[in-house]
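Pasted below: run-v8.cif, mmCIF, C-alpha atoms.
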```cif
data_my_file
#
loop_
_atom_site.label_atom_id
_atom_site.label_comp_id
_atom_site.auth_asym_id
_atom_site.auth_seq_id
_atom_site.Cartn_x
_atom_site.Cartn_y
_atom_site.Cartn_z
CA MET N 153 182.42 -66.78 198.93
CA ARG N 154 180.08 -68.36 201.42
CA ILE N 155 182.23 -70.17 203.94
CA LEU N 156 180.95 -72.50 206.64
CA VAL N 157 183.10 -72.31 209.77
CA THR N 158 182.56 -74.88 212.51
CA GLY N 159 183.64 -73.83 215.98
CA ALA N 160 182.85 -70.21 215.12
CA ALA N 161 182.65 -69.23 218.80
CA GLY N 162 186.02 -70.82 219.50
CA PHE N 163 189.39 -69.14 219.89
CA ILE N 164 190.62 -69.63 216.31
CA GLY N 165 187.17 -69.91 214.73
CA ALA N 166 186.02 -66.49 215.90
CA GLN N 167 189.24 -64.79 214.79
CA LEU N 168 189.06 -66.49 211.40
CA SER N 169 185.36 -65.65 210.93
CA LEU N 170 186.07 -62.00 211.73
CA ARG N 171 188.82 -61.82 209.10
CA LEU N 172 186.62 -63.49 206.48
CA LEU N 173 183.73 -61.15 207.18
CA GLU N 174 186.01 -58.12 207.04
CA ARG N 175 187.22 -59.10 203.57
CA GLY N 176 183.64 -59.48 202.33
CA ASP N 177 182.92 -63.20 202.56
CA GLU N 178 179.69 -64.58 203.97
CA VAL N 179 180.24 -66.80 207.01
CA VAL N 180 177.89 -69.50 208.23
CA GLY N 181 179.08 -70.17 211.77
CA ILE N 182 178.33 -73.42 213.58
CA ASP N 183 178.90 -73.77 217.31
CA CYS N 184 177.11 -75.56 220.15
CA LEU N 185 178.59 -73.36 222.92
CA ASP N 186 179.85 -76.45 224.71
CA PRO N 187 180.48 -75.71 228.42
CA TYR N 188 183.96 -77.30 228.37
CA TYR N 189 185.08 -73.76 229.22
CA ASP N 190 183.44 -70.38 229.91
CA VAL N 191 180.39 -70.01 227.66
CA GLU N 192 180.26 -66.25 228.33
CA LEU N 193 183.67 -65.88 226.66
CA LYS N 194 182.33 -67.73 223.63
CA LYS N 195 179.29 -65.46 223.52
CA ALA N 196 181.55 -62.40 223.69
CA ARG N 197 183.54 -63.70 220.72
CA LEU N 198 180.30 -64.25 218.78
CA ALA N 199 179.13 -60.73 219.59
CA ARG N 200 182.00 -59.40 217.46
CA LEU N 201 180.64 -61.41 214.50
CA THR N 202 176.89 -60.94 214.73
CA VAL N 203 177.19 -57.23 213.88
CA PHE N 204 178.04 -58.26 210.32
CA PRO N 205 175.00 -58.85 208.07
CA GLY N 206 176.96 -61.57 206.28
CA PHE N 207 177.20 -63.75 209.41
CA THR N 208 174.75 -66.57 210.09
CA ASP N 209 174.85 -68.04 213.61
CA LEU N 210 173.78 -71.69 213.90
CA ARG N 211 173.60 -73.55 217.21
CA ILE N 212 174.40 -77.14 216.19
CA ARG N 213 176.39 -80.06 217.58
CA LEU N 214 178.43 -81.76 214.88
CA GLU N 215 177.36 -85.16 216.19
CA ASP N 216 173.78 -84.29 215.15
CA ARG N 217 173.84 -85.81 211.67
CA ALA N 218 170.48 -84.49 210.56
CA ALA N 219 171.19 -80.92 211.72
CA VAL N 220 174.58 -80.83 210.01
CA ALA N 221 173.10 -82.20 206.78
CA GLU N 222 170.33 -79.59 206.90
CA ALA N 223 172.85 -76.78 207.46
CA PHE N 224 174.85 -77.82 204.40
CA ALA N 225 171.75 -78.24 202.22
CA THR N 226 170.20 -74.94 203.32
CA HIS N 227 173.27 -72.70 203.14
CA ALA N 228 175.22 -74.40 200.32
CA PRO N 229 178.71 -73.24 201.35
CA ASP N 230 181.40 -72.82 198.71
CA ARG N 231 184.09 -73.85 201.18
CA VAL N 232 184.29 -75.21 204.71
CA VAL N 233 186.73 -74.71 207.60
CA ASN N 234 186.29 -77.31 210.33
CA LEU N 235 187.70 -76.01 213.62
CA ALA N 236 185.11 -77.48 215.99
CA ALA N 237 186.53 -80.25 218.16
CA GLN N 238 186.76 -81.44 221.70
CA ALA N 239 190.09 -79.85 222.55
CA GLY N 240 192.71 -80.54 225.18
CA VAL N 241 195.22 -83.35 225.59
CA ARG N 242 194.81 -83.82 229.35
CA TYR N 243 190.99 -83.87 229.28
CA SER N 244 191.16 -86.73 226.78
CA LEU N 245 192.61 -88.90 229.56
CA GLU N 246 189.50 -88.25 231.69
CA ASN N 247 186.72 -88.22 229.13
CA PRO N 248 187.80 -90.05 225.96
CA LEU N 249 184.29 -90.58 224.60
CA ALA N 250 183.77 -86.83 224.24
CA TYR N 251 186.57 -86.93 221.64
CA VAL N 252 184.99 -89.83 219.79
CA ASP N 253 181.66 -87.97 219.54
CA SER N 254 182.99 -84.58 218.45
CA ASN N 255 186.24 -85.33 216.66
CA LEU N 256 185.30 -88.57 214.89
CA VAL N 257 181.51 -88.72 214.50
CA GLY N 258 181.24 -84.95 214.08
CA PHE N 259 184.02 -84.84 211.49
CA ALA N 260 182.41 -87.68 209.53
CA ASN N 261 179.21 -85.62 209.36
CA VAL N 262 181.17 -82.64 208.02
CA LEU N 263 182.81 -84.83 205.38
CA GLU N 264 179.40 -86.11 204.32
CA GLY N 265 178.12 -82.55 204.05
CA CYS N 266 181.04 -81.64 201.79
CA ARG N 267 180.56 -84.76 199.68
CA HIS N 268 176.86 -84.27 199.03
CA ASN N 269 176.89 -80.51 198.49
CA GLY N 270 179.75 -79.92 196.07
CA VAL N 271 182.00 -78.07 198.53
CA GLY N 272 185.05 -76.75 196.68
CA HIS N 273 187.54 -77.13 199.54
CA LEU N 274 187.51 -78.45 203.09
CA VAL N 275 190.21 -77.10 205.41
CA TYR N 276 190.30 -78.73 208.83
CA ALA N 277 192.27 -78.41 212.04
CA SER N 278 194.70 -81.16 212.83
CA SER N 279 197.32 -80.74 215.56
CA SER N 280 201.00 -80.94 216.35
CA SER N 281 199.92 -83.60 218.86
CA VAL N 282 199.84 -86.15 216.02
CA TYR N 283 203.66 -86.27 216.15
CA GLY N 284 203.34 -88.09 219.49
CA ALA N 285 206.43 -90.14 220.24
CA ASN N 286 208.41 -88.66 217.32
CA THR N 287 211.73 -87.11 218.35
CA ASN N 288 213.22 -86.22 214.94
CA MET N 289 212.92 -82.43 214.75
CA PRO N 290 211.75 -80.20 213.27
CA PHE N 291 208.53 -82.16 212.82
CA SER N 292 207.73 -82.56 209.14
CA VAL N 293 204.40 -83.43 207.49
CA HIS N 294 206.41 -86.00 205.54
CA HIS N 295 207.30 -87.93 208.72
CA ASN N 296 205.44 -91.02 209.88
CA VAL N 297 202.98 -90.20 212.71
CA ASP N 298 201.68 -93.59 213.83
CA HIS N 299 202.49 -93.31 217.55
CA PRO N 300 200.10 -90.80 219.20
CA LEU N 301 200.38 -90.33 222.96
CA SER N 302 196.78 -89.27 223.68
CA LEU N 303 193.35 -90.05 222.30
CA TYR N 304 193.07 -86.40 221.29
CA ALA N 305 196.11 -86.88 219.05
CA ALA N 306 194.72 -90.16 217.72
CA THR N 307 191.44 -88.48 216.70
CA LYS N 308 193.35 -85.77 214.84
CA LYS N 309 195.40 -88.38 212.98
CA ALA N 310 192.14 -90.20 212.24
CA ASN N 311 190.70 -86.98 210.77
CA GLU N 312 193.60 -86.86 208.32
CA LEU N 313 192.96 -90.44 207.26
CA MET N 314 189.20 -89.88 206.94
CA ALA N 315 189.78 -86.75 204.84
CA HIS N 316 192.10 -88.63 202.50
CA THR N 317 189.45 -91.28 201.95
CA TYR N 318 186.90 -88.64 200.91
CA SER N 319 189.44 -86.94 198.65
CA HIS N 320 190.25 -90.29 197.02
CA LEU N 321 186.72 -91.68 196.67
CA TYR N 322 184.65 -88.57 196.05
CA GLY N 323 187.15 -85.98 194.80
CA VAL N 324 186.59 -83.61 197.73
CA PRO N 325 189.64 -81.30 197.98
CA THR N 326 190.82 -81.45 201.62
CA THR N 327 193.68 -79.78 203.47
CA GLY N 328 194.66 -80.58 207.05
CA LEU N 329 196.52 -78.00 209.14
CA ARG N 330 198.64 -79.14 212.04
CA PHE N 331 198.51 -76.22 214.47
CA PHE N 332 201.38 -75.70 216.91
CA THR N 333 200.47 -74.30 220.38
CA VAL N 334 198.22 -71.40 219.40
CA TYR N 335 198.03 -68.43 221.79
CA GLY N 336 196.90 -64.82 221.82
CA PRO N 337 193.96 -62.51 222.64
CA TRP N 338 190.55 -64.18 223.15
CA GLY N 339 192.38 -67.45 223.92
CA ARG N 340 191.15 -70.56 225.72
CA PRO N 341 191.04 -70.50 229.54
CA ASP N 342 192.34 -74.10 229.72
CA MET N 343 195.61 -73.22 228.03
CA ALA N 344 198.85 -72.35 229.78
CA LEU N 345 199.10 -68.62 229.01
CA PHE N 346 195.55 -67.94 230.19
CA LYS N 347 195.93 -70.06 233.35
CA PHE N 348 199.33 -68.56 234.19
CA THR N 349 198.07 -64.99 233.74
CA LYS N 350 195.00 -65.57 235.89
CA ALA N 351 197.04 -67.21 238.67
CA ILE N 352 199.85 -64.65 238.71
CA LEU N 353 197.42 -61.71 238.91
CA ALA N 354 195.60 -63.47 241.74
CA GLY N 355 198.85 -64.06 243.63
CA GLN N 356 198.53 -67.82 243.23
CA PRO N 357 201.26 -70.29 242.20
CA ILE N 358 201.44 -71.76 238.70
CA GLU N 359 202.02 -75.43 237.89
CA VAL N 360 205.02 -75.92 235.60
CA PHE N 361 205.12 -79.40 234.10
CA ASN N 362 208.19 -81.36 233.02
CA TYR N 363 210.05 -79.16 235.54
CA GLY N 364 209.97 -76.35 232.98
CA HIS N 365 211.96 -78.24 230.34
CA HIS N 366 209.22 -78.07 227.70
CA ARG N 367 209.95 -76.37 224.42
CA ARG N 368 206.96 -75.27 222.39
CA ASP N 369 206.59 -73.77 218.92
CA PHE N 370 204.23 -71.08 220.23
CA THR N 371 202.21 -69.69 217.30
CA TYR N 372 200.32 -66.41 217.50
CA VAL N 373 196.64 -66.62 216.59
CA ASP N 374 196.83 -63.96 213.85
CA ASP N 375 199.59 -65.98 212.17
CA ILE N 376 197.37 -69.06 212.33
CA VAL N 377 194.42 -67.20 210.80
CA GLU N 378 196.54 -65.78 207.97
CA GLY N 379 197.81 -69.27 207.20
CA VAL N 380 194.30 -70.75 207.22
CA ILE N 381 193.03 -68.10 204.80
CA ARG N 382 195.95 -68.56 202.42
CA VAL N 383 195.38 -72.31 202.38
CA LEU N 384 191.60 -71.94 202.07
CA ASP N 385 192.05 -69.80 198.96
CA ARG N 386 194.23 -72.49 197.38
CA PRO N 387 192.22 -75.74 197.11
CA ALA N 388 194.23 -78.93 197.41
CA THR N 389 195.27 -80.57 194.16
CA PRO N 390 196.69 -84.02 193.34
CA ASN N 391 200.44 -84.57 193.41
CA PRO N 392 201.26 -86.20 190.04
CA GLN N 393 204.64 -87.36 191.38
CA TRP N 394 203.08 -89.35 194.22
CA THR N 395 203.81 -93.07 194.15
CA GLY N 396 202.71 -95.99 196.27
CA ASP N 397 206.23 -97.38 196.11
CA ASP N 398 207.46 -94.49 198.23
CA PRO N 399 204.27 -92.89 199.63
CA ASP N 400 204.43 -89.29 200.79
CA SER N 401 202.10 -88.85 203.77
CA ALA N 402 201.53 -85.13 203.11
CA THR N 403 200.23 -85.41 199.54
CA SER N 404 198.39 -87.88 197.32
CA LEU N 405 197.18 -88.69 193.84
CA ALA N 406 193.91 -87.40 195.31
CA PRO N 407 193.31 -83.65 195.99
CA TYR N 408 194.75 -83.86 199.50
CA ARG N 409 197.35 -81.85 201.44
CA LEU N 410 198.78 -81.54 204.94
CA TYR N 411 200.66 -78.52 206.30
CA ASN N 412 202.28 -77.53 209.58
CA ILE N 413 201.46 -74.04 210.83
CA GLY N 414 203.99 -73.13 213.49
CA ASN N 415 206.37 -70.34 214.32
CA HIS N 416 209.36 -72.52 213.35
CA HIS N 417 211.12 -71.18 216.44
CA PRO N 418 210.62 -73.26 219.60
CA VAL N 419 210.77 -71.37 222.90
CA GLU N 420 211.69 -72.76 226.31
CA LEU N 421 208.67 -72.80 228.61
CA MET N 422 210.67 -70.95 231.29
CA ARG N 423 211.42 -68.16 228.79
CA TYR N 424 207.72 -67.98 227.91
CA ILE N 425 206.91 -67.56 231.61
CA GLU N 426 209.66 -64.96 231.94
CA VAL N 427 208.13 -62.91 229.12
CA LEU N 428 204.73 -63.14 230.81
CA GLU N 429 206.22 -61.98 234.12
CA GLU N 430 207.78 -58.99 232.36
CA CYS N 431 204.45 -58.08 230.74
CA LEU N 432 202.54 -58.41 234.03
CA GLY N 433 205.21 -56.74 236.14
CA ARG N 434 205.04 -59.59 238.62
CA LYS N 435 207.01 -62.72 239.42
CA ALA N 436 205.32 -66.11 239.40
CA GLU N 437 205.53 -68.61 242.24
CA LYS N 438 206.23 -71.90 240.48
CA ILE N 439 205.29 -75.44 241.47
CA MET N 440 207.60 -77.71 239.46
CA LEU N 441 205.96 -80.98 238.40
CA PRO N 442 206.90 -83.98 236.23
CA LEU N 443 205.82 -84.53 232.62
CA GLN N 444 202.07 -85.15 232.40
CA ALA N 445 200.68 -88.28 230.74
CA GLY N 446 199.86 -87.58 227.10
CA ASP N 447 202.21 -84.57 226.84
CA VAL N 448 205.26 -84.40 224.58
CA PRO N 449 208.42 -82.63 225.80
CA ASP N 450 209.06 -80.53 222.69
CA THR N 451 207.41 -79.31 219.50
CA TYR N 452 209.10 -77.69 216.52
CA ALA N 453 207.43 -77.17 213.14
CA ASP N 454 209.00 -77.59 209.73
CA VAL N 455 206.90 -75.13 207.69
CA GLU N 456 208.80 -75.41 204.40
CA ASP N 457 205.76 -76.72 202.50
CA LEU N 458 203.52 -73.91 203.77
CA VAL N 459 206.08 -71.25 202.78
CA ARG N 460 206.64 -72.82 199.35
CA ASP N 461 202.97 -73.23 198.48
CA THR N 462 201.43 -70.10 200.05
CA GLY N 463 204.37 -67.70 200.46
CA TYR N 464 203.58 -67.33 204.15
CA LEU N 465 205.80 -67.82 207.22
CA PRO N 466 204.33 -67.34 210.73
CA ALA N 467 206.76 -65.03 212.51
CA THR N 468 205.23 -63.17 215.48
CA PRO N 469 207.72 -63.36 218.40
CA VAL N 470 206.43 -64.40 221.83
CA GLU N 471 207.44 -61.00 223.24
CA THR N 472 204.86 -59.36 220.96
CA GLY N 473 202.22 -62.07 221.19
CA VAL N 474 202.26 -62.38 224.98
CA ARG N 475 202.10 -58.59 225.37
CA ASN N 476 199.03 -58.48 223.12
CA PHE N 477 197.39 -61.24 225.16
CA VAL N 478 198.09 -59.50 228.47
CA ASP N 479 196.69 -56.21 227.13
CA TRP N 480 193.54 -58.00 226.00
CA TYR N 481 193.20 -59.93 229.29
CA ARG N 482 193.51 -56.80 231.42
CA SER N 483 190.93 -55.02 229.28
CA TYR N 484 188.43 -57.90 229.03
CA TYR N 485 188.57 -58.88 232.72
CA ARG N 486 189.33 -55.36 234.01
CA ALA N 487 192.30 -56.93 235.76
#
```
Show me, as structure tokens, the structure contained in the file I just sent.
Amino acid sequence: MRILVTGAAGFIGAQLSLRLLERGDEVVGIDCLDPYYDVELKKARLARLTVFPGFTDLRIRLEDRAAVAEAFATHAPDRVVNLAAQAGVRYSLENPLAYVDSNLVGFANVLEGCRHNGVGHLVYASSSSVYGANTNMPFSVHHNVDHPLSLYAATKKANELMAHTYSHLYGVPTTGLRFFTVYGPWGRPDMALFKFTKAILAGQPIEVFNYGHHRRDFTYVDDIVEGVIRVLDRPATPNPQWTGDDPDSATSLAPYRLYNIGNHHPVELMRYIEVLEECLGRKAEKIMLPLQAGDVPDTYADVEDLVRDTGYLPATPVETGVRNFVDWYRSYYRA
């Protein structure tokens, strides 16, 4: 297939593109190399992809309606994976309009591209952040998620609503994937594991929010990629049992689906740090801080639907995943 991947220079996008290319698909990669974090890291990820003759590298911002429309018309993708977004919960408190441009306007342009070019399936990144103020765990895609705690979360919920509209009105099969705290080699420098590793190796203290009482459903990047591919290969279909009298938020009479992709095994933040210390052979100096605005204390994914429909259960333990990240970090940065 020819698959258009937005955010192809990103953490998940590059790993996914590599897997697709390795199995013989053509990949049309879109990325603007936004300087939100180290552009050289993004270029290094892309360098692993450009060696494949089946990879097309496009430098486009999703907010650029004409450029996105031209990319769809020129390359005619069979399927699309939308991973490009302005990421980060805390940054959304400082610069909310960046999220409107990328996550709302940009996503609308992707939906329009799918609508007008006969795309067979759109898979897009949502987030565990949509669960917001929910406390009933594990989080299920069948739960109500109308109380986001950050604009980032609100834009991801909005993406799910926008996708449903296009599935309902235009018959575009869409599947949203709620990712749970993705980590691993080639990760993002603004995320905890990367920041902690850099600080510990430099002999600097790390900031531990919520006094270390966070629990996160840490999900290894290879597990995420495997889940995305399995879902991509299985276009969303209508649920004939759906009824407006008792509406299920994860399915529809339209070709629309939502899935959680998480490890289904939440880990205490302090245990996560302990594993990192063991892998680095160093102890961290910790600055204990209160819960940050926009953050949720715990995440825990119910992945029953993903297992039932795709036969896949993310299962990499943090001991393995963190070790793989540390090995990559030491090699990449010669640390």
- Task: Tell me, as an MDAnalysis selection string, which residues lie within 12 Å of N:Gly162, counting only C-alpha atoms; anything in the same chain fewer than 4 positions away does not count.
- Result: chainID N and resid 157:158 166:170 181:198 201 234:239 337:341 373
Emit the selected residues as a PDB file, keeping the file's coordinate frame, including C-alpha atoms.
```
ATOM      1  CA  VAL N 157     183.100 -72.310 209.770  1.00  0.00           C
ATOM      2  CA  THR N 158     182.560 -74.880 212.510  1.00  0.00           C
ATOM      3  CA  ALA N 166     186.020 -66.490 215.900  1.00  0.00           C
ATOM      4  CA  GLN N 167     189.240 -64.790 214.790  1.00  0.00           C
ATOM      5  CA  LEU N 168     189.060 -66.490 211.400  1.00  0.00           C
ATOM      6  CA  SER N 169     185.360 -65.650 210.930  1.00  0.00           C
ATOM      7  CA  LEU N 170     186.070 -62.000 211.730  1.00  0.00           C
ATOM      8  CA  GLY N 181     179.080 -70.170 211.770  1.00  0.00           C
ATOM      9  CA  ILE N 182     178.330 -73.420 213.580  1.00  0.00           C
ATOM     10  CA  ASP N 183     178.900 -73.770 217.310  1.00  0.00           C
ATOM     11  CA  CYS N 184     177.110 -75.560 220.150  1.00  0.00           C
ATOM     12  CA  LEU N 185     178.590 -73.360 222.920  1.00  0.00           C
ATOM     13  CA  ASP N 186     179.850 -76.450 224.710  1.00  0.00           C
ATOM     14  CA  PRO N 187     180.480 -75.710 228.420  1.00  0.00           C
ATOM     15  CA  TYR N 188     183.960 -77.300 228.370  1.00  0.00           C
ATOM     16  CA  TYR N 189     185.080 -73.760 229.220  1.00  0.00           C
ATOM     17  CA  ASP N 190     183.440 -70.380 229.910  1.00  0.00           C
ATOM     18  CA  VAL N 191     180.390 -70.010 227.660  1.00  0.00           C
ATOM     19  CA  GLU N 192     180.260 -66.250 228.330  1.00  0.00           C
ATOM     20  CA  LEU N 193     183.670 -65.880 226.660  1.00  0.00           C
ATOM     21  CA  LYS N 194     182.330 -67.730 223.630  1.00  0.00           C
ATOM     22  CA  LYS N 195     179.290 -65.460 223.520  1.00  0.00           C
ATOM     23  CA  ALA N 196     181.550 -62.400 223.690  1.00  0.00           C
ATOM     24  CA  ARG N 197     183.540 -63.700 220.720  1.00  0.00           C
ATOM     25  CA  LEU N 198     180.300 -64.250 218.780  1.00  0.00           C
ATOM     26  CA  LEU N 201     180.640 -61.410 214.500  1.00  0.00           C
ATOM     27  CA  ASN N 234     186.290 -77.310 210.330  1.00  0.00           C
ATOM     28  CA  LEU N 235     187.700 -76.010 213.620  1.00  0.00           C
ATOM     29  CA  ALA N 236     185.110 -77.480 215.990  1.00  0.00           C
ATOM     30  CA  ALA N 237     186.530 -80.250 218.160  1.00  0.00           C
ATOM     31  CA  GLN N 238     186.760 -81.440 221.700  1.00  0.00           C
ATOM     32  CA  ALA N 239     190.090 -79.850 222.550  1.00  0.00           C
ATOM     33  CA  PRO N 337     193.960 -62.510 222.640  1.00  0.00           C
ATOM     34  CA  TRP N 338     190.550 -64.180 223.150  1.00  0.00           C
ATOM     35  CA  GLY N 339     192.380 -67.450 223.920  1.00  0.00           C
ATOM     36  CA  ARG N 340     191.150 -70.560 225.720  1.00  0.00           C
ATOM     37  CA  PRO N 341     191.040 -70.500 229.540  1.00  0.00           C
ATOM     38  CA  VAL N 373     196.640 -66.620 216.590  1.00  0.00           C
TER      39      VAL N 373
END
```
- Message: Neighbouring residues of stretch 402-410 of chain N were defined as those with any atom within 9 Å, considering all atoms listed in the file; residues of the same chain fewer than 6 positions away were excluded. Please report them as a ChimeraX atom specification.
- Response: /N:278,293-295,312,315-317,319-321,323-330,387-395,457
- Item | Resolved residues for the PyMOL selection byres ((chain N and resi 367) around 7) as a ChimeraX atom specification | /N:365-366,368-369,418-421,449-451
How about saving the chosen residues, C-alpha atoms kept, as a compact mmCIF listing (two decimals), keeping the file's coordinate frame?
```
# COMPACT_ATOMS: atom_id res chain seq x y z
CA HIS N 365 211.96 -78.24 230.34
CA HIS N 366 209.22 -78.07 227.70
CA ARG N 368 206.96 -75.27 222.39
CA ASP N 369 206.59 -73.77 218.92
CA PRO N 418 210.62 -73.26 219.60
CA VAL N 419 210.77 -71.37 222.90
CA GLU N 420 211.69 -72.76 226.31
CA LEU N 421 208.67 -72.80 228.61
CA PRO N 449 208.42 -82.63 225.80
CA ASP N 450 209.06 -80.53 222.69
CA THR N 451 207.41 -79.31 219.50
```
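Here atom CA of N:Gly159 stands at a distance of 10.8 Å from atom CA of N:Asp209.
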With a cut-off of 12 Å, could you pull out the residues of stretch 348-393 of chain N touching stretch 476-485 of chain N and give me the nearest pair of atoms for each, distance in Å to one decimal, using all atoms listed in the file, ordered by chain and ascending number, as a tab-separated table?
```
residue	atom	partner	partner_atom	distance
N:Phe348	CA	N:Val478	CA	10.8
N:Thr349	CA	N:Val478	CA	7.6
N:Lys350	CA	N:Tyr481	CA	8.9
N:Ile352	CA	N:Val478	CA	11.6
N:Leu353	CA	N:Arg482	CA	9.8
N:Tyr372	CA	N:Phe477	CA	9.7
N:Val373	CA	N:Phe477	CA	10.1
N:Asp374	CA	N:Asn476	CA	11.0
```
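You will find atom CA of N:Glu426 at 21.0 Å from atom CA of N:Gly414.
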- Task: Pick out the closest residue to N:Lys308 from this set: N:Tyr322, N:Phe259, N:Tyr335, N:Phe291. Count all atoms listed in the file.
- Result: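 Closest residue, counting all atoms listed in the file: N:Phe259.
Computed from the coordinates, the atom CA of N:Phe370 to atom CA of N:Thr472 distance equals 11.8 Å.
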- Message: If we count all atoms listed in the file and set the cut-off at 12 Å, which residues sit around N:Pro466, ignoring sequence neighbours fewer than 5 positions away in its own chain? Please answer as a ChimeraX atom specification.
- Response: /N:331-332,334,369-380,382,412-417,453-456,458-459,473
- Message: Calculated over all atoms listed in the file, which of the candidates N:Asp253, N:Glu215, N:Asp230, N:Glu222 has the smallest distance to N:Ile155?
- Response: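 Checking each of N:Asp253, N:Glu215, N:Asp230, N:Glu222 against N:Ile155, counting all atoms listed in the file, the winner is N:Asp230.
Compared by their closest atoms to N:Glu178, and using only C-alpha atoms, the residues N:Ala310, N:Val448, N:Leu443, N:Met153 rank with N:Met153 nearest.
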- Using all atoms listed in the file, can you list as a PyMOL selection string the residues within 9 Å of (182.6, -83.5, 210.7)? chain N and resi 158+214-215+220+234+236+254-265+311
Hey, can you spit out that residue selection with C-alpha atoms as a PDB file, in the frame of the given file?
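Now in part.pdb:
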```
ATOM      1  CA  THR N 158     182.560 -74.880 212.510  1.00  0.00           C
ATOM      2  CA  LEU N 214     178.430 -81.760 214.880  1.00  0.00           C
ATOM      3  CA  GLU N 215     177.360 -85.160 216.190  1.00  0.00           C
ATOM      4  CA  VAL N 220     174.580 -80.830 210.010  1.00  0.00           C
ATOM      5  CA  ASN N 234     186.290 -77.310 210.330  1.00  0.00           C
ATOM      6  CA  ALA N 236     185.110 -77.480 215.990  1.00  0.00           C
ATOM      7  CA  SER N 254     182.990 -84.580 218.450  1.00  0.00           C
ATOM      8  CA  ASN N 255     186.240 -85.330 216.660  1.00  0.00           C
ATOM      9  CA  LEU N 256     185.300 -88.570 214.890  1.00  0.00           C
ATOM     10  CA  VAL N 257     181.510 -88.720 214.500  1.00  0.00           C
ATOM     11  CA  GLY N 258     181.240 -84.950 214.080  1.00  0.00           C
ATOM     12  CA  PHE N 259     184.020 -84.840 211.490  1.00  0.00           C
ATOM     13  CA  ALA N 260     182.410 -87.680 209.530  1.00  0.00           C
ATOM     14  CA  ASN N 261     179.210 -85.620 209.360  1.00  0.00           C
ATOM     15  CA  VAL N 262     181.170 -82.640 208.020  1.00  0.00           C
ATOM     16  CA  LEU N 263     182.810 -84.830 205.380  1.00  0.00           C
ATOM     17  CA  GLU N 264     179.400 -86.110 204.320  1.00  0.00           C
ATOM     18  CA  GLY N 265     178.120 -82.550 204.050  1.00  0.00           C
ATOM     19  CA  ASN N 311     190.700 -86.980 210.770  1.00  0.00           C
TER      20      ASN N 311
END
```
- Message: Let me make sure I understand: among N:Met440, N:Ala225, N:Leu172, N:Val383, which one has the smallest atom-to-atom distance to N:Asn269 if we use all atoms listed in the file?
- Response: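 Between N:Met440, N:Ala225, N:Leu172, N:Val383, the residue approaching N:Asn269 most closely is N:Ala225.
The closest residue to N:Tyr251, picked from N:Ile164, N:Val203, N:Val233, N:Leu303 and counting all atoms listed in the file, is N:Leu303.
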Any idea what's packed within 12 Å of N:Ala354, counting all atoms listed in the file, ignoring anything in its chain fewer than 5 positions away? Could you give it as a JSON list (two decimals) with C-alpha atoms, in the frame of the given file?
```
[["chain", "number", "residue", "atom", "x", "y", "z"],
["N", 347, "LYS", "CA", 195.93, -70.06, 233.35],
["N", 348, "PHE", "CA", 199.33, -68.56, 234.19],
["N", 349, "THR", "CA", 198.07, -64.99, 233.74],
["N", 432, "LEU", "CA", 202.54, -58.41, 234.03],
["N", 434, "ARG", "CA", 205.04, -59.59, 238.62],
["N", 435, "LYS", "CA", 207.01, -62.72, 239.42],
["N", 436, "ALA", "CA", 205.32, -66.11, 239.40],
["N", 437, "GLU", "CA", 205.53, -68.61, 242.24],
["N", 487, "ALA", "CA", 192.30, -56.93, 235.76]]
```
- Message: Since I can't run it myself right now, could you work out what the PyMOL selection byres ((chain N and resi 431) around 8) selects here and report it as number ranges by chain?
- Response: N: 427-430, 432-433, 474-475, 478
Output of the above residues as a PDB file, keeping the file's coordinate frame, restricted to C-alpha atoms:
```pdb
ATOM      1  CA  VAL N 427     208.130 -62.910 229.120  1.00  0.00           C
ATOM      2  CA  LEU N 428     204.730 -63.140 230.810  1.00  0.00           C
ATOM      3  CA  GLU N 429     206.220 -61.980 234.120  1.00  0.00           C
ATOM      4  CA  GLU N 430     207.780 -58.990 232.360  1.00  0.00           C
ATOM      5  CA  LEU N 432     202.540 -58.410 234.030  1.00  0.00           C
ATOM      6  CA  GLY N 433     205.210 -56.740 236.140  1.00  0.00           C
ATOM      7  CA  VAL N 474     202.260 -62.380 224.980  1.00  0.00           C
ATOM      8  CA  ARG N 475     202.100 -58.590 225.370  1.00  0.00           C
ATOM      9  CA  VAL N 478     198.090 -59.500 228.470  1.00  0.00           C
TER      10      VAL N 478
END
```
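Checking N:Asn247, N:Gln444, N:Ser292, N:Thr226 one by one against N:Phe361, counting only C-alpha atoms, you find the shortest gap at N:Gln444.
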So for stretch 196-209 of chain N, what box centre and size do we get, axis-aligned, 8 Å extra on each of the six sides, every listed atom, Å to one decimal, as AutoDock Vina command-line options?
```
--center_x 179.1 --center_y -62.6 --center_z 215.0 --size_x 24.8 --size_y 26.8 --size_z 33.4
```
- Message: Applying 8 Å and only C-alpha atoms, which residues near N:Val360 remain after dropping the ones on its own chain fewer than 3 positions away? List them as an NGL selection string.
- Response: :N and (363-364 or 438-441)
